[in-house]
file structure_0.txt (compact mmCIF, C-alpha atoms)
# COMPACT_ATOMS: atom_id res chain seq x y z
CA MET M 1 51.55 -34.89 -103.26
CA ASN M 2 52.74 -33.89 -106.66
CA SER M 3 53.32 -30.16 -107.02
CA ASP M 4 51.97 -30.17 -110.53
CA ASN M 5 48.61 -31.23 -109.20
CA MET M 6 48.28 -28.06 -107.16
CA HIS M 7 47.96 -24.35 -107.92
CA HIS M 8 50.97 -22.20 -107.31
CA LEU M 9 51.10 -20.08 -104.17
CA ASP M 10 49.26 -16.79 -104.33
CA ASP M 11 50.61 -13.52 -102.85
CA GLU M 12 48.98 -14.13 -99.45
CA GLN M 13 50.53 -17.55 -99.20
CA LEU M 14 53.93 -16.25 -100.29
CA ILE M 15 53.83 -13.56 -97.62
CA GLN M 16 52.65 -16.14 -95.11
CA ALA M 17 55.60 -18.31 -96.10
CA ILE M 18 57.99 -15.45 -95.40
CA VAL M 19 56.42 -14.75 -92.03
CA ASP M 20 56.49 -18.39 -90.99
CA THR M 21 56.39 -21.34 -93.39
CA GLU M 22 55.04 -23.61 -90.69
CA ASP M 23 51.83 -21.59 -90.50
CA LEU M 24 50.94 -22.69 -94.04
CA PRO M 25 48.75 -25.76 -94.48
CA GLU M 26 50.79 -28.91 -94.98
CA PRO M 27 49.90 -29.40 -98.69
CA VAL M 28 51.01 -25.83 -99.39
CA GLN M 29 54.22 -26.39 -97.48
CA ALA M 30 54.84 -29.54 -99.50
CA HIS M 31 54.17 -27.71 -102.76
CA LEU M 32 56.53 -24.89 -101.76
CA ALA M 33 59.24 -27.38 -100.99
CA GLU M 34 58.91 -28.98 -104.43
CA CYS M 35 57.86 -26.12 -106.70
CA SER M 36 60.90 -24.19 -107.87
CA ARG M 37 58.78 -21.33 -109.22
CA CYS M 38 56.98 -20.72 -105.93
CA LEU M 39 60.23 -21.10 -103.99
CA ALA M 40 61.91 -18.55 -106.27
CA ASP M 41 58.98 -16.12 -105.78
CA LYS M 42 59.16 -16.53 -102.05
CA ASN M 43 62.95 -16.23 -101.88
CA GLY M 44 62.91 -13.27 -104.29
CA PHE M 45 60.55 -11.26 -102.13
CA GLU M 46 62.34 -12.27 -98.98
CA LEU M 47 65.63 -11.22 -100.56
CA GLU M 48 64.23 -7.76 -101.26
CA MET M 49 63.41 -7.33 -97.58
CA THR M 50 66.81 -8.68 -96.59
CA LYS M 51 68.55 -6.33 -99.02
CA LEU M 52 66.67 -3.44 -97.52
CA GLY M 53 67.95 -4.40 -94.08
CA GLN M 54 71.49 -4.88 -95.38
CA LYS M 55 71.47 -1.52 -97.09
CA ALA M 56 70.23 0.12 -93.91
CA GLU M 57 73.12 -1.46 -92.06
CA GLN M 58 75.50 -0.26 -94.76
CA PHE M 59 74.22 3.33 -94.63
CA ALA M 60 74.02 3.49 -90.86
CA PRO M 61 76.95 5.33 -89.25
CA GLN M 62 79.30 3.67 -86.82
CA PRO M 63 79.12 4.68 -83.19
CA ARG M 64 82.04 6.92 -82.27
CA ARG M 65 81.75 6.81 -78.53
CA ARG M 66 82.40 3.81 -76.37
CA ILE M 67 79.93 2.76 -73.72
CA ILE M 68 80.95 4.23 -70.39
CA LEU M 69 79.89 2.26 -67.36
CA PRO M 70 79.56 3.94 -63.99
CA VAL M 71 82.62 3.67 -61.77
CA PRO M 72 81.92 1.35 -58.85
CA LYS M 73 81.62 3.32 -55.65
CA THR M 74 84.44 2.97 -53.14
CA ARG M 75 83.33 2.04 -49.67
CA ASN M 76 83.03 5.18 -47.58
CA PRO M 77 84.40 4.62 -44.06
CA PHE M 78 81.81 7.07 -42.69
CA ARG M 79 79.00 5.37 -44.57
CA ASN M 80 77.90 3.47 -41.45
CA LEU M 81 77.78 6.69 -39.47
CA LEU M 82 75.50 8.26 -42.03
CA ASP M 83 73.21 5.29 -42.08
CA TRP M 84 69.79 6.46 -40.86
CA ARG M 85 69.48 3.49 -38.50
CA ASN M 86 72.74 4.36 -36.79
CA LEU M 87 71.75 8.01 -36.59
CA ALA M 88 68.39 7.04 -35.10
CA ALA M 89 70.10 4.80 -32.53
CA ALA M 90 72.48 7.63 -31.58
CA ALA M 91 69.58 10.07 -31.23
CA ALA M 92 67.67 7.58 -29.08
CA THR M 93 70.70 7.11 -26.82
CA VAL M 94 71.19 10.86 -26.38
CA THR M 95 67.48 11.29 -25.61
CA ALA M 96 67.57 8.45 -23.07
CA VAL M 97 70.60 9.95 -21.30
CA PHE M 98 68.96 13.38 -21.25
CA LEU M 99 65.73 11.98 -19.82
CA LEU M 100 67.66 10.03 -17.20
CA VAL M 101 69.59 13.10 -16.03
CA TRP M 102 66.50 15.29 -16.10
CA GLY M 103 64.43 12.71 -14.22
CA THR M 104 67.09 12.27 -11.57
CA ASN M 105 67.18 16.02 -10.96
CA ILE M 106 63.42 16.14 -10.60
CA VAL M 107 63.45 13.31 -8.04
CA ARG M 108 66.29 14.98 -6.16
CA ASN M 109 64.48 18.32 -6.06
CA MET M 110 61.34 16.64 -4.81
CA SER M 111 63.22 14.89 -1.98
CA GLU M 112 65.04 18.09 -0.84
CA PRO M 113 63.24 20.54 1.59
CA GLY M 114 61.83 23.70 0.20
CA THR M 115 63.06 27.25 0.92
CA GLU M 116 60.47 27.80 3.67
CA ASN M 117 61.53 24.64 5.44
CA LEU M 118 65.12 25.72 5.21
CA THR M 119 64.39 29.15 6.78
CA ALA M 120 62.46 27.57 9.66
CA GLU M 121 65.36 25.18 10.26
CA MET M 122 67.80 28.09 10.32
CA VAL M 123 65.67 29.98 12.87
CA GLU M 124 65.50 26.85 15.01
CA ALA M 125 69.27 26.43 14.80
CA GLU M 126 69.85 30.08 15.74
CA LYS M 127 67.58 29.71 18.76
CA LEU M 128 69.47 26.63 19.81
CA MET M 129 72.80 28.42 19.48
CA THR M 130 71.52 31.31 21.65
CA GLU M 131 70.59 28.82 24.37
CA VAL M 132 73.99 27.18 24.10
CA ASN M 133 75.74 30.55 24.41
CA THR M 134 73.65 31.40 27.49
CA LEU M 135 74.64 28.10 29.07
CA VAL M 136 78.30 28.81 28.31
CA ASP M 137 78.06 32.15 30.15
CA ASN M 138 76.35 30.58 33.11
CA ALA M 139 75.47 26.94 33.22
CA LEU M 140 73.20 27.21 36.26
CA PRO M 141 69.53 27.42 35.54
CA PRO M 142 67.87 30.73 36.68
CA PHE M 143 66.32 29.07 39.80
CA TYR M 144 69.67 27.94 41.15
CA LEU M 145 71.20 31.26 40.33
CA GLU M 146 68.67 32.98 42.56
CA ILE M 147 69.35 30.61 45.47
CA SER M 148 73.08 30.99 45.08
CA GLY M 149 72.76 34.77 45.01
CA GLU M 150 74.88 34.82 41.93
CA LYS M 151 72.21 36.62 40.09
CA THR M 152 72.36 39.75 42.30
CA ALA M 153 76.06 39.62 43.01
CA ASP M 154 78.08 42.53 41.79
CA TYR M 155 81.76 41.70 41.61
CA ASP M 156 84.13 44.51 40.93
CA GLU M 157 87.79 44.61 40.01
CA GLU M 158 88.96 44.78 43.59
CA PHE M 159 87.19 41.49 44.37
CA TYR M 160 88.83 39.76 41.47
CA GLN M 161 92.16 41.22 42.46
CA PHE M 162 91.60 39.74 45.85
CA LEU M 163 90.89 36.35 44.41
CA ILE M 164 93.70 36.34 41.91
CA PRO M 165 96.39 38.86 42.79
CA THR M 166 98.59 40.19 40.06
CA ILE M 167 102.14 38.82 40.09
CA LYS M 168 104.73 41.55 40.36
CA ASP M 169 107.59 41.50 37.81
CA LYS M 170 110.28 42.30 40.50
CA THR M 171 109.58 39.20 42.45
CA VAL M 172 109.80 37.16 39.37
CA THR M 173 113.21 38.59 38.34
CA SER M 174 114.68 38.30 41.88
CA ASP M 175 113.62 34.68 42.17
CA ARG M 176 115.03 33.82 38.76
CA GLY M 177 117.90 31.39 38.90
CA LYS M 178 117.17 30.42 42.54
CA LYS M 179 116.79 26.81 43.38
CA GLY M 180 113.17 25.69 43.67
CA THR M 181 111.65 28.53 41.61
CA SER M 182 110.41 28.21 38.13
CA LEU M 183 108.62 30.29 35.59
CA CYS M 184 105.15 29.15 34.82
CA MET H 1 67.95 -14.09 -96.84
CA ALA H 2 66.69 -13.07 -93.45
CA PRO H 3 68.33 -14.83 -90.57
CA SER H 4 66.37 -17.84 -89.52
CA ASP H 5 64.91 -18.15 -86.06
CA THR H 6 67.18 -21.08 -85.36
CA THR H 7 70.33 -19.15 -86.13
CA THR H 8 69.29 -16.22 -83.99
CA THR H 9 68.28 -18.46 -81.15
CA ILE H 10 71.57 -20.31 -81.23
CA SER H 11 73.59 -17.12 -81.23
CA GLY H 12 71.36 -15.56 -78.59
CA THR H 13 71.47 -18.48 -76.23
CA SER H 14 75.09 -19.36 -76.64
CA ALA H 15 76.67 -20.70 -73.49
CA GLN H 16 79.20 -17.88 -73.48
CA LEU H 17 76.52 -15.23 -73.56
CA VAL H 18 74.55 -16.90 -70.77
CA SER H 19 77.72 -17.19 -68.72
CA LEU H 20 78.53 -13.50 -69.23
CA VAL H 21 75.01 -12.47 -68.30
CA ASP H 22 75.14 -14.64 -65.18
CA GLN H 23 78.45 -13.08 -64.15
CA ALA H 24 77.15 -9.57 -64.85
CA ARG H 25 74.06 -10.36 -62.81
CA GLU H 26 76.30 -11.15 -59.86
CA GLY H 27 77.91 -7.73 -60.18
CA ASN H 28 80.85 -8.54 -62.43
CA ARG H 29 81.55 -5.24 -64.17
CA THR H 30 84.01 -6.74 -66.67
CA ALA H 31 81.42 -9.28 -67.80
CA PHE H 32 78.93 -6.51 -68.40
CA ALA H 33 81.55 -4.49 -70.29
CA GLN H 34 82.02 -7.49 -72.59
CA LEU H 35 78.28 -7.72 -73.13
CA ALA H 36 78.19 -4.00 -73.91
CA ASP H 37 80.99 -4.40 -76.45
CA ARG H 38 79.13 -7.29 -78.03
CA PHE H 39 75.79 -5.53 -78.43
CA HIS H 40 76.92 -1.92 -78.73
CA LYS H 41 76.67 -1.73 -82.52
CA ASP H 42 73.39 -3.64 -82.67
CA ILE H 43 71.72 -1.31 -80.21
CA PHE H 44 73.24 1.80 -81.77
CA ARG H 45 71.98 0.81 -85.22
CA MET H 46 68.59 -0.15 -83.82
CA VAL H 47 68.26 3.30 -82.27
CA PHE H 48 69.60 5.06 -85.35
CA TYR H 49 67.09 3.30 -87.65
CA ARG H 50 64.29 4.85 -85.63
CA ILE H 51 65.53 8.36 -84.92
CA ARG H 52 68.13 8.81 -87.65
CA SER H 53 70.46 11.08 -85.73
CA ARG H 54 73.89 9.74 -84.87
CA VAL H 55 74.44 12.00 -81.89
CA ASP H 56 71.05 11.26 -80.37
CA ALA H 57 71.47 7.56 -81.15
CA GLU H 58 74.77 7.55 -79.27
CA ASP H 59 73.23 9.29 -76.29
CA ILE H 60 70.31 6.87 -76.20
CA THR H 61 72.60 3.85 -76.64
CA GLN H 62 74.69 5.00 -73.70
CA ASP H 63 71.50 5.43 -71.73
CA VAL H 64 70.30 1.94 -72.66
CA PHE H 65 73.46 0.26 -71.42
CA LEU H 66 73.48 2.35 -68.26
CA LYS H 67 69.93 1.28 -67.55
CA ALA H 68 70.79 -2.32 -68.36
CA TYR H 69 73.78 -2.16 -66.03
CA GLN H 70 71.59 -0.92 -63.21
CA LYS H 71 68.86 -3.48 -63.80
CA ILE H 72 70.89 -6.51 -64.88
CA ALA H 73 70.11 -8.30 -61.61
CA SER H 74 66.40 -8.24 -62.46
CA ILE H 75 66.75 -10.24 -65.68
CA LYS H 76 65.24 -13.68 -65.14
CA ASP H 77 66.37 -15.60 -68.19
CA ALA H 78 69.97 -14.94 -69.22
CA ALA H 79 69.24 -16.33 -72.69
CA LYS H 80 66.81 -13.48 -73.32
CA PHE H 81 69.41 -10.79 -72.67
CA ARG H 82 69.44 -9.55 -76.26
CA GLY H 83 65.68 -9.17 -76.38
CA TRP H 84 65.70 -7.52 -72.96
CA LEU H 85 68.28 -5.01 -74.22
CA PHE H 86 66.14 -4.24 -77.28
CA SER H 87 63.15 -3.80 -75.02
CA ILE H 88 65.00 -1.18 -72.95
CA ALA H 89 66.16 0.52 -76.14
CA LEU H 90 62.63 0.64 -77.50
CA ASN H 91 61.36 2.28 -74.33
CA ARG H 92 64.16 4.83 -74.45
CA ILE H 93 63.37 5.62 -78.08
CA ARG H 94 59.71 6.14 -77.21
CA ASP H 95 60.67 8.48 -74.39
CA PHE H 96 62.96 10.40 -76.72
CA GLN H 97 60.31 10.70 -79.44
CA ARG H 98 57.69 11.77 -76.92
CA LYS H 99 59.97 14.50 -75.58
CA LYS H 100 60.89 15.61 -79.07
CA ARG H 101 57.25 15.82 -80.10
CA PHE H 102 56.51 17.86 -76.99
CA ARG H 103 59.39 20.23 -77.72
CA SER H 104 58.33 20.55 -81.34
CA LEU H 105 54.98 21.97 -80.17
CA PHE H 106 56.86 25.02 -78.92
CA LYS H 107 59.54 25.22 -81.57
CA MET H 108 57.19 24.81 -84.53
CA GLU H 109 59.25 21.86 -85.75
CA ASP H 110 58.01 19.19 -88.04
CA GLU H 111 56.32 16.68 -85.78
CA ASN H 112 57.29 13.74 -87.93
CA ILE H 113 60.72 13.19 -86.53
CA GLU H 114 61.30 9.98 -88.39
CA SER H 115 61.05 11.34 -91.89
CA HIS H 116 63.85 13.87 -91.56
CA PRO H 117 67.36 12.91 -90.70
CA THR H 118 68.99 15.56 -88.56
CA GLU H 119 72.52 14.98 -89.80
CA LYS H 120 73.88 17.96 -91.65
CA VAL H 121 75.71 17.49 -94.94
CA ASP H 122 78.74 19.61 -95.67
CA PRO H 123 79.27 19.77 -99.47
CA ASP H 124 83.00 20.48 -98.98
CA GLN H 125 83.61 17.25 -97.14
CA PRO H 126 85.56 14.59 -99.07
CA ASP H 127 82.71 12.08 -98.68
CA ALA H 128 80.03 14.58 -99.62
CA LEU H 129 78.55 12.25 -102.25
CA GLY H 130 78.33 9.47 -99.71
CA HIS H 131 76.55 11.83 -97.35
CA VAL H 132 74.07 12.78 -100.04
CA LEU H 133 73.42 9.13 -100.88
CA ARG H 134 72.97 8.25 -97.24
CA LYS H 135 70.67 11.18 -96.70
CA ASP H 136 68.62 10.20 -99.72
CA PHE H 137 68.46 6.58 -98.57
CA TRP H 138 67.16 7.51 -95.15
CA ARG H 139 64.69 9.93 -96.67
CA GLN H 140 63.26 7.11 -98.78
CA ILE H 141 63.23 4.73 -95.84
CA GLY H 142 61.39 7.41 -93.90
CA LEU H 143 58.81 7.64 -96.69
CA ILE H 144 58.31 3.88 -96.72
CA LEU H 145 58.04 3.52 -92.99
CA LYS H 146 55.67 6.48 -92.84
CA LYS H 147 53.19 4.44 -94.84
CA LEU H 148 53.09 1.73 -92.19
CA PRO H 149 51.11 1.96 -88.96
CA GLN H 150 53.29 2.10 -85.86
CA MET H 151 52.99 -1.54 -84.83
CA GLU H 152 53.55 -2.90 -88.35
CA ARG H 153 56.53 -0.59 -88.75
CA GLU H 154 58.05 -1.71 -85.47
CA VAL H 155 57.60 -5.40 -86.20
CA PHE H 156 59.01 -4.94 -89.72
CA LEU H 157 62.07 -3.07 -88.44
CA LEU H 158 62.74 -5.59 -85.69
CA ARG H 159 62.47 -8.49 -88.15
CA PHE H 160 64.36 -7.26 -91.21
CA PHE H 161 66.55 -4.45 -89.91
CA ASP H 162 67.41 -5.72 -86.45
CA HIS H 163 67.26 -9.42 -87.40
CA LEU H 164 65.22 -10.55 -84.42
CA SER H 165 63.23 -13.79 -84.49
CA ILE H 166 59.45 -13.78 -84.19
CA LYS H 167 59.80 -15.09 -80.66
CA GLU H 168 62.27 -12.34 -79.72
CA ILE H 169 60.04 -9.67 -81.26
CA ALA H 170 57.11 -10.99 -79.23
CA GLY H 171 59.26 -10.71 -76.11
CA VAL H 172 60.44 -7.19 -76.92
CA LEU H 173 56.97 -5.87 -77.75
CA LYS H 174 55.29 -7.96 -75.02
CA LYS H 175 52.80 -9.39 -77.52
CA ASN H 176 52.04 -12.95 -78.41
CA GLU H 177 53.68 -14.50 -81.44
CA SER H 178 50.52 -14.70 -83.54
CA THR H 179 49.94 -10.95 -83.08
CA VAL H 180 53.49 -10.27 -84.20
CA LYS H 181 53.00 -12.49 -87.24
CA THR H 182 49.79 -10.72 -88.13
CA HIS H 183 51.48 -7.30 -88.03
CA LEU H 184 54.42 -8.60 -90.04
CA TYR H 185 52.07 -10.15 -92.58
CA ARG H 186 50.21 -6.85 -93.02
CA ALA H 187 53.44 -4.90 -93.41
CA LEU H 188 54.78 -7.32 -96.02
CA ALA H 189 51.46 -7.30 -97.85
CA LYS H 190 51.77 -3.52 -98.27
CA PHE H 191 55.26 -3.93 -99.74
CA LYS H 192 54.01 -6.62 -102.06
CA LYS H 193 50.75 -5.10 -103.22
CA GLU H 194 50.91 -1.32 -103.02
CA PRO H 195 52.52 0.15 -106.17
CA ALA H 196 53.90 3.20 -104.35
CA MET H 197 55.61 1.00 -101.79
CA ARG H 198 56.97 -1.31 -104.49
CA GLN H 199 58.35 1.62 -106.41
CA LEU H 200 60.10 3.02 -103.36
CA LEU H 201 61.46 -0.43 -102.51
CA ASN H 202 62.79 -0.90 -106.03
CA GLU H 203 64.44 2.53 -105.95
CA ILE H 204 66.15 1.72 -102.71
CA ILE H 205 67.43 -1.77 -103.43
CA GLN H 206 68.39 -1.36 -107.07
call {"tool": "encode", "arguments": {"input": "structure_0.txt", "output": "structure tokens"}}
result
Amino acid sequence: MNSDNMHHLDDEQLIQAIVDTEDLPEPVQAHLAECSRCLADKNGFELEMTKLGQKAEQFAPQPRRRIILPVPKTRNPFRNLLDWRNLAAAAATVTAVFLLVWGTNIVRNMSEPGTENLTAEMVEAEKLMTEVNTLVDNALPPFYLEISGEKTADYDEEFYQFLIPTIKDKTVTSDRGKKGTSLC
Amino acid sequence: MAPSDTTTTISGTSAQLVSLVDQAREGNRTAFAQLADRFHKDIFRMVFYRIRSRVDAEDITQDVFLKAYQKIASIKDAAKFRGWLFSIALNRIRDFQRKKRFRSLFKMEDENIESHPTEKVDPDQPDALGHVLRKDFWRQIGLILKKLPQMEREVFLLRFFDHLSIKEIAGVLKKNESTVKTHLYRALAKFKKEPAMRQLLNEIIQ
């Protein structure tokens, strides 16, 4: 298409060309490519906008501070200890141990006799010991004691002296050193 | 002339950049530091154009890169790193402006934070004239941008000040390309047709 055969671009089309030339209809694009006047209008307006941007860049200050990035964290050796999962596991372990100990004590207490039972057992044991002591004093039952007359017997010192006479010290000293005598 | 989409795309998707982003994504701090060096000025200027305070712009820029460092693993397409960075910066700027507007309610400050640069000019400084010129330039820019609705202003700034392609702008603003083109068209139409805008533009670029 010859550019002379077409009207020049109006303001809307020029602006459209600056926004995006490809959005213009093809004949208009072709005219813009060939028509020096329209191209100059378009470039002139575009240059104004570009100059504005360039001037802004020129008048903008330079940054004085550098960008500071956060320092990477060093690995904390106690980090694992502070991890909530580890803490929860530790708490669960402690609780389990506590429950185990507590439970064992309860079972033990249940299996052991109570205070009343213990007192009754002690009374029984005392009674038994009394019987044992009685038997030690005299092993014969009361019936046999009566038959034997042991029950009514009254033995005094003279009787025991008769049974087991006291050994005189003189005899012992005179017999000392003699053949056939010995000290027991 | 404004940078063409092709040029921007080539620079944005260069193999080196993609490689650096990939390394940074895997936790390579040095790779990220290189990326920060590469885009530091771009992001700083981008922030400064919108809030016009060097100190605040530096704080926000630092914040942007910190956020990017923390979230680098979440970036899906390494080639879109630049746009992703601009997207973070834009969110930070919005947060900053929101907070500043809220504070201004109590301090009786001018709510239009974009029309007044906060940099102080000391007349005794050797570059005092430069300061005055800069201040005047940003005042005029503020007046121009004030005449544009928010979306048109943002698209215009991203296209001609930050040199982003239409595709990148669509990515940053999370809009489709035709919407971006419509906003850009409307903004340019105001520059072209409105006498007040033309006058301001001529004053600035002459």
call {"tool": "atom_distance", "arguments": {"input": "structure_0.txt", "atom1": "CA of Asp56 (chain H)", "atom2": "CA of Arg65 (chain M)"}}
result
11.7 Å
call {"tool": "closest_atom_pairs", "arguments": {"input": "structure_0.txt", "of": "chain M", "to": "chain H", "cutoff": "9 Å", "atoms": "all atoms listed in the file", "output": "Markdown table"}}
result
| residue | atom | partner | partner_atom | distance |
| --- | --- | --- | --- | --- |
| M:Asp11 | CA | H:Lys192 | CA | 7.7 |
| M:Glu12 | CA | H:Ala189 | CA | 7.4 |
| M:Ile15 | CA | H:Tyr185 | CA | 6.3 |
| M:Gln16 | CA | H:Tyr185 | CA | 6.5 |
| M:Ile18 | CA | H:Tyr185 | CA | 8.4 |
| M:Val19 | CA | H:Lys181 | CA | 6.3 |
| M:Asp20 | CA | H:Lys181 | CA | 7.8 |
| M:Asn43 | CA | H:Met1 | CA | 7.4 |
| M:Phe45 | CA | H:Lys192 | CA | 8.0 |
| M:Glu46 | CA | H:Met1 | CA | 6.3 |
| M:Leu47 | CA | H:Met1 | CA | 5.2 |
| M:Glu48 | CA | H:Ile205 | CA | 7.1 |
| M:Met49 | CA | H:Phe160 | CA | 6.4 |
| M:Thr50 | CA | H:Ala2 | CA | 5.4 |
| M:Lys51 | CA | H:Ile205 | CA | 6.4 |
| M:Leu52 | CA | H:Ile205 | CA | 6.2 |
| M:Gly53 | CA | H:Phe161 | CA | 4.4 |
| M:Gln54 | CA | H:Phe161 | CA | 7.4 |
| M:Lys55 | CA | H:Ile205 | CA | 7.5 |
| M:Ala56 | CA | H:Phe161 | CA | 7.1 |
| M:Glu57 | CA | H:Arg45 | CA | 7.3 |
| M:Phe59 | CA | H:Arg134 | CA | 5.7 |
| M:Ala60 | CA | H:Arg45 | CA | 6.6 |
| M:Pro61 | CA | H:Arg54 | CA | 6.9 |
| M:Gln62 | CA | H:Lys41 | CA | 7.4 |
| M:Pro63 | CA | H:Glu58 | CA | 6.5 |
| M:Arg64 | CA | H:Glu58 | CA | 7.9 |
| M:Arg65 | CA | H:Glu58 | CA | 7.1 |
| M:Arg66 | CA | H:Gln62 | CA | 8.2 |
| M:Ile67 | CA | H:Gln62 | CA | 5.7 |
| M:Ile68 | CA | H:Gln62 | CA | 7.1 |
| M:Leu69 | CA | H:Leu66 | CA | 6.5 |
| M:Pro70 | CA | H:Leu66 | CA | 7.6 |
| M:Pro72 | CA | H:Arg29 | CA | 8.5 |
call {"tool": "atom_distance", "arguments": {"input": "structure_0.txt", "atom1": "CA of Glu158 (chain M)", "atom2": "CA of Val136 (chain M)"}}
result
24.5 Å
call {"tool": "atom_distance", "arguments": {"input": "structure_0.txt", "atom1": "CA of Pro142 (chain M)", "atom2": "CA of Thr130 (chain M)"}}
result
15.5 Å
call {"tool": "residues_around", "arguments": {"input": "structure_0.txt", "residues": "Phe81 (chain H)", "least_positions_apart": "6", "cutoff": "12 Å", "atoms": "all atoms listed in the file", "output": "PyMOL selection string"}}
result
chain H and resi 9+11-14+17-22+24-25+32+35-36+38-39+65+68-69+71-75+87-88+168+171-172
